[in-house]
Amino acid sequence: MRQLTISVALVAFVGCGGDVAPGGGTGTTPTQPVVPVPTELTLFPSTLTVTSLEQEVAIVATVKDQSGSTMTGQQVVWSSSEGDVATVSNGTVTPLANGTSTITATSGSLTANASVVVVQSEADEGSSYRNARADLWIDYRTLQSQGFNMAIAYIDAEGDGDTDVFLGTGEWLIEDEVDSEMHINNGYGSFSLNQSVFGGSPPPATHARKSLTADFNGDDLNDLLILDHGYDAPPFPGSQPKLIIQDAPGSFSWSKLPDVGFHHGGAAGDIDQDGDIDIVVADHRPFVYINDGSGNFTRDATRLDASMPTIFTAELIDVDMDGFIDLLVGGHEREGSETTIYWGSSTGSYRASEKTVLLAASPFGVVLDIDAEDIDRDGDRDLVLNRTRDGDDGDGLGFYVGRRTQLLLHDGNRGFTNGTGQIDDPGNDTDIWFPWIRLQDIDGDGDIDIVPDDKAVGYVYLNDGLGGFIRTPLPL
């Protein structure tokens, strides 16, 4: 977790006024300065809902004197009533478990309280979305991959506590297969290719589009899945998913799942609430793999509504925090694929009767990635979508040209309003598209920023703390 810096502001004002001159004259002399006395302590925010255990948050204490002026240099002591729910240090609140805790600040004889409610959904536990939150941020080019680096995943491949990098690879317009790659972290953020973890037989890919990290066989070791759409031109023969099991730290085996298709994306999470991780596969005919708990999968197309169109992007996230994991899908909006949330339920199925169609963003109708976090700190999850163009409009305005960041603010009742105007430069036709984004506090100031997963992109969107996002070049 990133530590947040908390500051207590002070401005001291000294008053002056008229007085009677010695001897009864009408001249003026300065009055004695008023000594500021701390009289009020306030906390902001005074009520705070945290939806992720990975996100520390900040509470700011302000001390004022008898005239209402803010004081600095006042010592503030912090405490939490429920240390198993949240701890606090210098105003930085670290969530630990679901529940409610009262955060108390004391300065001299003054005391103020703030309520912190932690409500992370258990439905997200073990999902590929949760596991994509890496504790490192790299320039993909430093990996020196021999193929694509789009299907990137983060995993501890050796059991040493360091985050390593897996790449499902491939090459554009080849029909053959290319070995995927494991890049091992030396503990200091440098990586070296090490294929020995695959026992001399790395899993192959033709055109890997996304890799997922999750514990598929329930042995408390994370595994991997490559989603590969195959040769990217007619007749689009497709490819098979590759399931990569971590048998022991530093040792992986893999197999091909039987279904061939244009598997452009997908997500992993516990869809049927039986305690294991299932898979949604994005395709022209999307489907679900149901896990038997031991990493054996059965294809099940009945859990997705028959009207669901072609999808190329999918995530499994409990957006409305009701305890059921929701399915977020996107495709090519110009071709009729609406960007949609199918709301999860106890049935473990996703139906058209329980869906919300999200605002389109023509001409940036290709949805590359969808993330959900509480951007505006109102206790529900908002959406950030990464997009590129979905058609050829001539004059260099073609398919997969340019990019756009879209912000949709959740009203807490499955409705969304367009907040893209709060981003100072959300993107344009001359920007180069990139596949993945993260929502995390990259600058350690206590609010969530919008971050390209690949540091080579060269910029981030920093949250200004007031609801706006400023495109900021690197280095920060």
# chains A, B, ... in the order shown; residues from 1 in each chain; ligands from 1

call {"tool": "residues_around", "arguments": {"residues": "segment 359-362 of chain A", "least_positions_apart": "5", "cutoff": "8 Å", "atoms": "only C-alpha atoms", "output": "PyMOL selection string"}}
result
chain A and resi 333-334+338-339+389+406+418

call {"tool": "write_last_selection", "arguments": {"atoms": "C-alpha atoms", "output": "PDB file, in the first residue's frame"}}
result
ATOM      1  CA  GLU A 333     -20.112  -0.059 -30.409  1.00  0.00           C
ATOM      2  CA  ARG A 334     -20.328   0.959 -34.065  1.00  0.00           C
ATOM      3  CA  GLU A 338     -23.361  -2.084 -26.417  1.00  0.00           C
ATOM      4  CA  THR A 339     -21.011  -1.586 -23.490  1.00  0.00           C
ATOM      5  CA  ARG A 389     -11.663   4.207 -32.485  1.00  0.00           C
ATOM      6  CA  GLN A 406     -14.074   7.788 -20.217  1.00  0.00           C
ATOM      7  CA  ASN A 418     -20.778  11.064 -17.615  1.00  0.00           C
TER       8      ASN A 418
END

call {"tool": "residues_around", "arguments": {"residues": "Asp429 of chain A", "least_positions_apart": "3", "cutoff": "12 Å", "atoms": "only C-alpha atoms", "output": "list in words"}}
result
Ser362, Pro363, Phe364, Arg387, Thr388, Arg389, Asp390, Asp392, Asp393, Gly394, Asp395, Gly396, Leu397, Gly398, Phe399, Tyr400, Val401, Gly402, Arg403, Arg404, Asp425, Pro426, Ile432 and Trp433 of chain A

call {"tool": "write_last_selection", "arguments": {"atoms": "N, CA, C and O atoms", "output": "JSON list (two decimals), in the first residue's frame"}}
result
[["chain", "number", "residue", "atom", "x", "y", "z"],
["A", 362, "SER", "N", -18.81, 7.50, -29.12],
["A", 362, "SER", "CA", -18.44, 7.60, -30.53],
["A", 362, "SER", "C", -17.49, 8.79, -30.74],
["A", 362, "SER", "O", -17.69, 9.86, -30.16],
["A", 363, "PRO", "N", -16.47, 8.63, -31.60],
["A", 363, "PRO", "CA", -16.12, 7.47, -32.43],
["A", 363, "PRO", "C", -15.19, 6.48, -31.74],
["A", 363, "PRO", "O", -14.67, 5.59, -32.38],
["A", 364, "PHE", "N", -14.99, 6.65, -30.41],
["A", 364, "PHE", "CA", -14.08, 5.76, -29.68],
["A", 364, "PHE", "C", -14.88, 4.59, -29.11],
["A", 364, "PHE", "O", -15.03, 4.46, -27.90],
["A", 387, "ARG", "N", -10.48, 3.46, -24.23],
["A", 387, "ARG", "CA", -11.11, 3.27, -25.54],
["A", 387, "ARG", "C", -10.19, 3.67, -26.69],
["A", 387, "ARG", "O", -9.25, 4.44, -26.51],
["A", 388, "THR", "N", -10.52, 3.14, -27.89],
["A", 388, "THR", "CA", -9.92, 3.59, -29.13],
["A", 388, "THR", "C", -11.01, 3.59, -30.21],
["A", 388, "THR", "O", -12.16, 3.20, -29.96],
["A", 389, "ARG", "N", -10.66, 4.04, -31.41],
["A", 389, "ARG", "CA", -11.66, 4.21, -32.49],
["A", 389, "ARG", "C", -12.15, 2.85, -32.99],
["A", 389, "ARG", "O", -11.39, 1.88, -33.06],
["A", 390, "ASP", "N", -13.44, 2.82, -33.39],
["A", 390, "ASP", "CA", -14.05, 1.56, -33.80],
["A", 390, "ASP", "C", -14.45, 1.53, -35.28],
["A", 390, "ASP", "O", -15.27, 0.71, -35.67],
["A", 392, "ASP", "N", -13.38, 3.14, -39.63],
["A", 392, "ASP", "CA", -12.52, 3.91, -40.51],
["A", 392, "ASP", "C", -13.30, 5.10, -41.05],
["A", 392, "ASP", "O", -14.24, 4.96, -41.83],
["A", 393, "ASP", "N", -12.91, 6.30, -40.62],
["A", 393, "ASP", "CA", -13.53, 7.54, -41.08],
["A", 393, "ASP", "C", -12.64, 8.30, -42.05],
["A", 393, "ASP", "O", -12.87, 9.49, -42.30],
["A", 394, "GLY", "N", -11.61, 7.63, -42.57],
["A", 394, "GLY", "CA", -10.74, 8.25, -43.56],
["A", 394, "GLY", "C", -9.75, 9.23, -42.96],
["A", 394, "GLY", "O", -9.79, 9.57, -41.78],
["A", 395, "ASP", "N", -8.82, 9.68, -43.80],
["A", 395, "ASP", "CA", -7.84, 10.70, -43.42],
["A", 395, "ASP", "C", -7.11, 10.35, -42.13],
["A", 395, "ASP", "O", -6.94, 11.17, -41.22],
["A", 396, "GLY", "N", -6.68, 9.09, -42.02],
["A", 396, "GLY", "CA", -5.93, 8.66, -40.84],
["A", 396, "GLY", "C", -6.77, 8.39, -39.62],
["A", 396, "GLY", "O", -6.22, 8.13, -38.54],
["A", 397, "LEU", "N", -8.10, 8.44, -39.76],
["A", 397, "LEU", "CA", -8.99, 8.20, -38.63],
["A", 397, "LEU", "C", -9.55, 6.79, -38.73],
["A", 397, "LEU", "O", -10.75, 6.57, -38.93],
["A", 398, "GLY", "N", -8.66, 5.80, -38.63],
["A", 398, "GLY", "CA", -9.04, 4.42, -38.86],
["A", 398, "GLY", "C", -9.30, 3.63, -37.60],
["A", 398, "GLY", "O", -9.29, 4.14, -36.47],
["A", 399, "PHE", "N", -9.52, 2.36, -37.82],
["A", 399, "PHE", "CA", -9.79, 1.39, -36.77],
["A", 399, "PHE", "C", -8.57, 1.28, -35.87],
["A", 399, "PHE", "O", -7.44, 1.18, -36.32],
["A", 400, "TYR", "N", -8.79, 1.29, -34.55],
["A", 400, "TYR", "CA", -7.71, 1.26, -33.56],
["A", 400, "TYR", "C", -6.72, 2.42, -33.77],
["A", 400, "TYR", "O", -5.51, 2.24, -33.76],
["A", 401, "VAL", "N", -7.26, 3.60, -33.91],
["A", 401, "VAL", "CA", -6.45, 4.84, -34.00],
["A", 401, "VAL", "C", -6.92, 5.77, -32.89],
["A", 401, "VAL", "O", -8.11, 5.92, -32.65],
["A", 402, "GLY", "N", -5.96, 6.41, -32.23],
["A", 402, "GLY", "CA", -6.29, 7.35, -31.15],
["A", 402, "GLY", "C", -6.77, 6.63, -29.90],
["A", 402, "GLY", "O", -6.86, 5.39, -29.86],
["A", 403, "ARG", "N", -7.08, 7.41, -28.88],
["A", 403, "ARG", "CA", -7.58, 6.81, -27.64],
["A", 403, "ARG", "C", -8.36, 7.85, -26.85],
["A", 403, "ARG", "O", -8.22, 9.05, -27.06],
["A", 404, "ARG", "N", -9.20, 7.33, -25.93],
["A", 404, "ARG", "CA", -10.01, 8.20, -25.09],
["A", 404, "ARG", "C", -10.22, 7.53, -23.73],
["A", 404, "ARG", "O", -10.48, 6.32, -23.65],
["A", 425, "ASP", "N", -7.68, 16.31, -20.27],
["A", 425, "ASP", "CA", -7.30, 15.91, -21.62],
["A", 425, "ASP", "C", -7.54, 14.41, -21.75],
["A", 425, "ASP", "O", -6.61, 13.61, -21.61],
["A", 426, "PRO", "N", -8.79, 13.99, -22.00],
["A", 426, "PRO", "CA", -9.10, 12.56, -21.99],
["A", 426, "PRO", "C", -8.56, 11.78, -23.17],
["A", 426, "PRO", "O", -8.65, 10.55, -23.18],
["A", 432, "ILE", "N", -1.65, 7.59, -29.05],
["A", 432, "ILE", "CA", -1.44, 6.17, -29.36],
["A", 432, "ILE", "C", -2.18, 5.34, -28.31],
["A", 432, "ILE", "O", -2.03, 5.55, -27.11],
["A", 433, "TRP", "N", -3.00, 4.40, -28.77],
["A", 433, "TRP", "CA", -3.78, 3.59, -27.83],
["A", 433, "TRP", "C", -2.87, 2.60, -27.09],
["A", 433, "TRP", "O", -1.81, 2.21, -27.58]]

call {"tool": "residues_around", "arguments": {"residues": "Gln195 of chain A", "least_positions_apart": "3", "cutoff": "7 Å", "atoms": "only C-alpha atoms", "output": "tab-separated table (two decimals) with N, CA, C and O atoms, in the first residue's frame"}}
result
chain	number	residue	atom	x	y	z
A	181	GLU	N	6.49	-16.17	-22.08
A	181	GLU	CA	7.71	-15.85	-21.35
A	181	GLU	C	7.42	-15.56	-19.88
A	181	GLU	O	6.41	-14.94	-19.55
A	182	MET	N	8.35	-15.98	-19.01
A	182	MET	CA	8.32	-15.61	-17.60
A	182	MET	C	9.56	-14.77	-17.31
A	182	MET	O	10.69	-15.21	-17.54
A	198	PHE	N	9.02	-23.48	-16.58
A	198	PHE	CA	8.10	-24.30	-17.39
A	198	PHE	C	8.69	-25.67	-17.72
A	198	PHE	O	8.14	-26.40	-18.56
A	200	GLY	N	11.22	-26.49	-19.45
A	200	GLY	CA	11.69	-26.62	-20.83
A	200	GLY	C	10.59	-26.60	-21.87
A	200	GLY	O	10.89	-26.74	-23.07
A	202	PRO	N	7.64	-24.05	-22.54
A	202	PRO	CA	6.79	-22.89	-22.26
A	202	PRO	C	5.47	-22.99	-23.00
A	202	PRO	O	5.39	-23.54	-24.11

call {"tool": "closest_residue", "arguments": {"among": "A:Tyr129, A:Trp172, A:Trp436, A:Phe252", "to": "Met150 of chain A", "atoms": "only C-alpha atoms"}}
result
A:Trp436

call {"tool": "residues_around", "arguments": {"residues": "segment 38-43 of chain A", "least_positions_apart": "6", "cutoff": "8 Å", "atoms": "only C-alpha atoms", "output": "PyMOL selection string"}}
result
chain A and resi 59-66+71+105+107+110-114

call {"tool": "closest_residue", "arguments": {"among": "A:Ala282, A:Ile450, A:Val197, A:Ala157", "to": "Asp223 of chain A", "atoms": "only C-alpha atoms"}}
result
A:Ala157

call {"tool": "closest_atom_pairs", "arguments": {"of": "segment 426-464 of chain A", "to": "segment 377-382 of chain A", "cutoff": "12 Å", "atoms": "only C-alpha atoms", "output": "tab-separated table"}}
result
residue	atom	partner	partner_atom	distance
A:Leu439	CA	A:Asp382	CA	10.5
A:Gly446	CA	A:Arg377	CA	10.8
A:Asp447	CA	A:Arg377	CA	8.6
A:Ile448	CA	A:Arg377	CA	9.4

call {"tool": "closest_residue", "arguments": {"among": "A:Gln74, A:Ser307, A:Ser127, A:Thr417", "to": "Ile279 of chain A", "atoms": "only C-alpha atoms"}}
result
A:Ser127

call {"tool": "atom_distance", "arguments": {"atom1": "atom CA of Thr163 of chain A", "atom2": "atom CA of Gly266 of chain A"}}
result
22.2 Å

call {"tool": "closest_residue", "arguments": {"among": "A:Arg438, A:Lys210, A:Arg130, A:Lys256", "to": "Asn296 of chain A", "atoms": "only C-alpha atoms"}}
result
A:Lys256

call {"tool": "closest_residue", "arguments": {"among": "A:Asp371, A:Asp274, A:Asp179, A:Asp431", "to": "Asp449 of chain A", "atoms": "only C-alpha atoms"}}
result
A:Asp371

call {"tool": "closest_residue", "arguments": {"among": "A:Ala352, A:Val367, A:Ala314, A:Val260", "to": "Arg299 of chain A", "atoms": "only C-alpha atoms"}}
result
A:Val260

call {"tool": "atom_distance", "arguments": {"atom1": "atom CA of Ile245 of chain A", "atom2": "atom CA of Gly189 of chain A"}}
result
24.5 Å

call {"tool": "closest_atom_pairs", "arguments": {"of": "segment 89-119 of chain A", "to": "segment 44-57 of chain A", "cutoff": "6 Å", "atoms": "only C-alpha atoms", "output": "JSON lines"}}
result
{"residue": "A:Thr92", "atom": "CA", "partner": "A:Val57", "partner_atom": "CA", "distance": 5.9}
{"residue": "A:Val93", "atom": "CA", "partner": "A:Val57", "partner_atom": "CA", "distance": 5.3}
{"residue": "A:Thr94", "atom": "CA", "partner": "A:Glu56", "partner_atom": "CA", "distance": 4.9}
{"residue": "A:Pro95", "atom": "CA", "partner": "A:Leu53", "partner_atom": "CA", "distance": 5.3}
{"residue": "A:Ala114", "atom": "CA", "partner": "A:Ser46", "partner_atom": "CA", "distance": 4.3}
{"residue": "A:Ser115", "atom": "CA", "partner": "A:Thr47", "partner_atom": "CA", "distance": 4.8}
{"residue": "A:Val116", "atom": "CA", "partner": "A:Leu48", "partner_atom": "CA", "distance": 4.8}
{"residue": "A:Val117", "atom": "CA", "partner": "A:Thr49", "partner_atom": "CA", "distance": 4.7}
{"residue": "A:Val118", "atom": "CA", "partner": "A:Val50", "partner_atom": "CA", "distance": 4.8}
{"residue": "A:Val119", "atom": "CA", "partner": "A:Thr51", "partner_atom": "CA", "distance": 5.2}

call {"tool": "write_last_selection", "arguments": {"atoms": "all heavy atoms", "output": "PDB file, in the first residue's frame"}}
result
ATOM      1  N   THR A  92      -3.375   8.716   8.307  1.00  0.00           N
ATOM      2  CA  THR A  92      -3.476   7.732   7.239  1.00  0.00           C
ATOM      3  C   THR A  92      -4.210   6.494   7.760  1.00  0.00           C
ATOM      4  O   THR A  92      -3.743   5.837   8.687  1.00  0.00           O
ATOM      5  CB  THR A  92      -2.094   7.327   6.722  1.00  0.00           C
ATOM      6  OG1 THR A  92      -1.434   8.478   6.204  1.00  0.00           O
ATOM      7  CG2 THR A  92      -2.212   6.283   5.620  1.00  0.00           C
ATOM      8  N   VAL A  93      -5.349   6.183   7.162  1.00  0.00           N
ATOM      9  CA  VAL A  93      -6.180   5.063   7.591  1.00  0.00           C
ATOM     10  C   VAL A  93      -5.879   3.856   6.707  1.00  0.00           C
ATOM     11  O   VAL A  93      -5.947   3.937   5.476  1.00  0.00           O
ATOM     12  CB  VAL A  93      -7.672   5.421   7.512  1.00  0.00           C
ATOM     13  CG1 VAL A  93      -8.531   4.221   7.895  1.00  0.00           C
ATOM     14  CG2 VAL A  93      -7.977   6.615   8.419  1.00  0.00           C
ATOM     15  N   THR A  94      -5.554   2.738   7.351  1.00  0.00           N
ATOM     16  CA  THR A  94      -5.284   1.491   6.648  1.00  0.00           C
ATOM     17  C   THR A  94      -6.426   0.517   6.917  1.00  0.00           C
ATOM     18  O   THR A  94      -6.591   0.044   8.049  1.00  0.00           O
ATOM     19  CB  THR A  94      -3.961   0.871   7.115  1.00  0.00           C
ATOM     20  OG1 THR A  94      -2.896   1.792   6.890  1.00  0.00           O
ATOM     21  CG2 THR A  94      -3.677  -0.428   6.359  1.00  0.00           C
ATOM     22  N   PRO A  95      -7.254   0.200   5.913  1.00  0.00           N
ATOM     23  CA  PRO A  95      -8.354  -0.751   6.118  1.00  0.00           C
ATOM     24  C   PRO A  95      -7.821  -2.172   6.208  1.00  0.00           C
ATOM     25  O   PRO A  95      -6.913  -2.559   5.466  1.00  0.00           O
ATOM     26  CB  PRO A  95      -9.228  -0.554   4.880  1.00  0.00           C
ATOM     27  CG  PRO A  95      -8.279  -0.067   3.829  1.00  0.00           C
ATOM     28  CD  PRO A  95      -7.231   0.735   4.545  1.00  0.00           C
ATOM     29  N   ALA A 114     -14.133  10.672  13.473  1.00  0.00           N
ATOM     30  CA  ALA A 114     -14.576  10.383  12.109  1.00  0.00           C
ATOM     31  C   ALA A 114     -14.950   8.904  12.047  1.00  0.00           C
ATOM     32  O   ALA A 114     -14.321   8.066  12.700  1.00  0.00           O
ATOM     33  CB  ALA A 114     -13.491  10.694  11.088  1.00  0.00           C
ATOM     34  N   SER A 115     -15.968   8.598  11.277  1.00  0.00           N
ATOM     35  CA  SER A 115     -16.427   7.220  11.124  1.00  0.00           C
ATOM     36  C   SER A 115     -15.893   6.641   9.815  1.00  0.00           C
ATOM     37  O   SER A 115     -16.063   7.243   8.751  1.00  0.00           O
ATOM     38  CB  SER A 115     -17.960   7.164  11.134  1.00  0.00           C
ATOM     39  OG  SER A 115     -18.408   5.846  10.897  1.00  0.00           O
ATOM     40  N   VAL A 116     -15.254   5.478   9.905  1.00  0.00           N
ATOM     41  CA  VAL A 116     -14.747   4.781   8.728  1.00  0.00           C
ATOM     42  C   VAL A 116     -15.479   3.449   8.591  1.00  0.00           C
ATOM     43  O   VAL A 116     -15.479   2.636   9.525  1.00  0.00           O
ATOM     44  CB  VAL A 116     -13.230   4.542   8.822  1.00  0.00           C
ATOM     45  CG1 VAL A 116     -12.748   3.678   7.659  1.00  0.00           C
ATOM     46  CG2 VAL A 116     -12.486   5.861   8.837  1.00  0.00           C
ATOM     47  N   VAL A 117     -16.110   3.249   7.439  1.00  0.00           N
ATOM     48  CA  VAL A 117     -16.822   2.012   7.155  1.00  0.00           C
ATOM     49  C   VAL A 117     -16.068   1.282   6.040  1.00  0.00           C
ATOM     50  O   VAL A 117     -15.832   1.852   4.970  1.00  0.00           O
ATOM     51  CB  VAL A 117     -18.279   2.280   6.723  1.00  0.00           C
ATOM     52  CG1 VAL A 117     -18.998   0.968   6.447  1.00  0.00           C
ATOM     53  CG2 VAL A 117     -19.005   3.088   7.790  1.00  0.00           C
ATOM     54  N   VAL A 118     -15.671   0.034   6.287  1.00  0.00           N
ATOM     55  CA  VAL A 118     -14.963  -0.778   5.298  1.00  0.00           C
ATOM     56  C   VAL A 118     -15.941  -1.816   4.758  1.00  0.00           C
ATOM     57  O   VAL A 118     -16.502  -2.608   5.528  1.00  0.00           O
ATOM     58  CB  VAL A 118     -13.734  -1.466   5.918  1.00  0.00           C
ATOM     59  CG1 VAL A 118     -12.984  -2.261   4.852  1.00  0.00           C
ATOM     60  CG2 VAL A 118     -12.816  -0.436   6.569  1.00  0.00           C
ATOM     61  N   VAL A 119     -16.160  -1.790   3.451  1.00  0.00           N
ATOM     62  CA  VAL A 119     -17.179  -2.662   2.855  1.00  0.00           C
ATOM     63  C   VAL A 119     -16.662  -3.333   1.582  1.00  0.00           C
ATOM     64  O   VAL A 119     -17.348  -3.393   0.586  1.00  0.00           O
ATOM     65  CB  VAL A 119     -18.483  -1.883   2.545  1.00  0.00           C
ATOM     66  CG1 VAL A 119     -19.219  -1.530   3.791  1.00  0.00           C
ATOM     67  CG2 VAL A 119     -18.192  -0.641   1.705  1.00  0.00           C
TER      68      VAL A 119
END
